[in-house]
Amino acid sequence: MATTPTSPSAPSGTGGTTLFLAEALRGFRTTGAIAPSGRRLAAALAAPLRERGAGAWNVLEVGGGTGAVTRELMPLLGAGSRLDVVEANARFAARLRELTAHEAERVQVHHTFVEDLDTGRSYDVIVSGLPFTNFEPEQVDAIMSRYLELLHPGGALTYFAYTGTRALRSAVSSRAETARHRAVEKVLAGYQSRYDAGYTSVWANLPPARVWRLVAPAES
């Protein structure tokens, strides 16, 4: 996340999975997965919005990728709702703009980093698709802190972490990389503890994942 987003266009009609694989090969460290989020993972990430039902909600999705979660969120937007989608990868952002063009009044794609986002809004639901284990612990702390700044009191944040990958990472990573992974997990565990987080396991995903939910404290 140390670089500035650029704006080359994605080829019109590029398939989401094809584009995702191309970008994963281009830079796995920033893409963070070998395949887009599966439908069940996307549904689990979008669950707080689905549970709110009808209403005018402000929703933020960070790391929209090729739109797997965006497609899950859009049908849940009631009258007066707003969805802001943040994506730092220029080709993914272009793909997302194509995907959401018919919802331009309610959905806006921002080609930026969440730390630089300035919409003037706070959010009822934030969905994070960022590959936290690929970041430095200081970056993860800054992003999580920003999420909580942007949440309404009582608002929900969901994010995911792949399960069963720690042993594989330890086997193929350097000592420094293994230490970084553990430091990131420690940062996330701190937020999970402070905000009484719960999680849902999604086994039907590649790889299987755990979806965490944090809730911002309600105003007293």
# chains A, B, ... in the order shown; residues from 1 in each chain; ligands from 1
call {"tool": "closest_atom_pairs", "arguments": {"of": "region 36-102 of chain A", "to": "region 139-154 of chain A", "cutoff": "12 Å", "atoms": "only C-alpha atoms", "output": "Markdown table"}}
result
| residue | atom | partner | partner_atom | distance |
| --- | --- | --- | --- | --- |
| A:Pro48 | CA | A:Gly154 | CA | 11.2 |
| A:Arg52 | CA | A:Gly154 | CA | 11.8 |
| A:Trp57 | CA | A:His152 | CA | 10.6 |
| A:Asn58 | CA | A:His152 | CA | 9.3 |
| A:Val59 | CA | A:Leu151 | CA | 9.5 |
| A:Leu60 | CA | A:Leu150 | CA | 9.0 |
| A:Glu61 | CA | A:Tyr147 | CA | 10.5 |
| A:Val62 | CA | A:Tyr147 | CA | 9.6 |
| A:Gly63 | CA | A:Ile143 | CA | 11.8 |
call {"tool": "closest_atom_pairs", "arguments": {"of": "region 77-174 of chain A", "to": "region 193-208 of chain A", "cutoff": "12 Å", "atoms": "only C-alpha atoms", "output": "tab-separated table"}}
result
residue	atom	partner	partner_atom	distance
A:Met144	CA	A:Tyr195	CA	11.5
A:Ser145	CA	A:Tyr195	CA	12.0
A:Leu148	CA	A:Tyr195	CA	10.1
A:Gly154	CA	A:Tyr195	CA	10.9
A:Gly155	CA	A:Tyr195	CA	11.5
A:Ala156	CA	A:Ala197	CA	10.1
A:Leu157	CA	A:Ala197	CA	9.6
A:Thr158	CA	A:Tyr199	CA	9.0
A:Tyr159	CA	A:Tyr199	CA	9.5
A:Phe160	CA	A:Tyr199	CA	9.0
A:Ala161	CA	A:Pro208	CA	8.7
A:Tyr162	CA	A:Pro208	CA	5.9
A:Thr163	CA	A:Pro208	CA	5.7
A:Gly164	CA	A:Pro208	CA	7.7
A:Thr165	CA	A:Pro207	CA	8.4
call {"tool": "write_last_selection", "arguments": {"atoms": "N, CA, C and O atoms", "output": "mmCIF file, in the first residue's frame"}}
result
data_model
loop_
_atom_site.group_PDB
_atom_site.id
_atom_site.type_symbol
_atom_site.label_atom_id
_atom_site.label_comp_id
_atom_site.auth_asym_id
_atom_site.auth_seq_id
_atom_site.Cartn_x
_atom_site.Cartn_y
_atom_site.Cartn_z
ATOM 1 N N MET A 144 -7.520 -1.052 10.303
ATOM 2 C CA MET A 144 -8.568 -1.404 11.257
ATOM 3 C C MET A 144 -9.008 -0.181 12.052
ATOM 4 O O MET A 144 -10.206 0.022 12.302
ATOM 5 N N SER A 145 -8.056 0.651 12.437
ATOM 6 C CA SER A 145 -8.389 1.877 13.151
ATOM 7 C C SER A 145 -9.250 2.793 12.279
ATOM 8 O O SER A 145 -10.229 3.391 12.749
ATOM 9 N N LEU A 148 -12.878 1.580 12.105
ATOM 10 C CA LEU A 148 -13.656 1.887 13.302
ATOM 11 C C LEU A 148 -13.972 3.376 13.395
ATOM 12 O O LEU A 148 -15.011 3.759 13.938
ATOM 13 N N GLY A 154 -22.592 1.169 16.848
ATOM 14 C CA GLY A 154 -23.436 0.017 16.600
ATOM 15 C C GLY A 154 -23.284 -0.582 15.220
ATOM 16 O O GLY A 154 -23.897 -1.609 14.911
ATOM 17 N N GLY A 155 -22.467 0.041 14.375
ATOM 18 C CA GLY A 155 -22.237 -0.477 13.031
ATOM 19 C C GLY A 155 -21.375 -1.716 13.044
ATOM 20 O O GLY A 155 -20.639 -1.974 14.008
ATOM 21 N N ALA A 156 -21.447 -2.489 11.959
ATOM 22 C CA ALA A 156 -20.745 -3.774 11.895
ATOM 23 C C ALA A 156 -19.656 -3.754 10.842
ATOM 24 O O ALA A 156 -19.826 -3.203 9.754
ATOM 25 N N LEU A 157 -18.539 -4.375 11.171
ATOM 26 C CA LEU A 157 -17.419 -4.581 10.250
ATOM 27 C C LEU A 157 -17.222 -6.077 10.063
ATOM 28 O O LEU A 157 -17.163 -6.828 11.044
ATOM 29 N N THR A 158 -17.153 -6.529 8.810
ATOM 30 C CA THR A 158 -16.793 -7.920 8.541
ATOM 31 C C THR A 158 -15.508 -7.954 7.715
ATOM 32 O O THR A 158 -15.267 -7.088 6.874
ATOM 33 N N TYR A 159 -14.700 -8.967 7.981
ATOM 34 C CA TYR A 159 -13.502 -9.232 7.187
ATOM 35 C C TYR A 159 -13.228 -10.720 7.271
ATOM 36 O O TYR A 159 -13.814 -11.434 8.096
ATOM 37 N N PHE A 160 -12.352 -11.216 6.403
ATOM 38 C CA PHE A 160 -12.114 -12.655 6.385
ATOM 39 C C PHE A 160 -10.637 -12.978 6.565
ATOM 40 O O PHE A 160 -9.754 -12.149 6.342
ATOM 41 N N ALA A 161 -10.405 -14.212 6.969
ATOM 42 C CA ALA A 161 -9.043 -14.756 7.032
ATOM 43 C C ALA A 161 -9.125 -16.203 6.587
ATOM 44 O O ALA A 161 -10.048 -16.928 6.979
ATOM 45 N N TYR A 162 -8.205 -16.620 5.751
ATOM 46 C CA TYR A 162 -8.187 -18.008 5.310
ATOM 47 C C TYR A 162 -7.794 -18.913 6.471
ATOM 48 O O TYR A 162 -6.981 -18.541 7.325
ATOM 49 N N THR A 163 -8.360 -20.101 6.509
ATOM 50 C CA THR A 163 -8.068 -21.055 7.577
ATOM 51 C C THR A 163 -7.207 -22.197 7.047
ATOM 52 O O THR A 163 -7.230 -22.508 5.857
ATOM 53 N N GLY A 164 -6.422 -22.790 7.964
ATOM 54 C CA GLY A 164 -5.610 -23.939 7.601
ATOM 55 C C GLY A 164 -4.396 -23.616 6.759
ATOM 56 O O GLY A 164 -3.792 -24.512 6.167
ATOM 57 N N THR A 165 -4.018 -22.339 6.701
ATOM 58 C CA THR A 165 -2.878 -21.958 5.855
ATOM 59 C C THR A 165 -1.621 -21.641 6.666
ATOM 60 O O THR A 165 -0.569 -21.434 6.081
#
call {"tool": "closest_residue", "arguments": {"among": "A:Leu188, A:Val86, A:Ala216, A:Leu76", "to": "Val127 (chain A)", "atoms": "only C-alpha atoms"}}
result
A:Val86
call {"tool": "select_by_dssp", "arguments": {"residues": "region 54-166 of chain A", "states": "helix (DSSP H, G or I)", "output": "ChimeraX atom specification"}}
result
/A:68-76,90-99,101-103,114-116,132-134,137-150,166
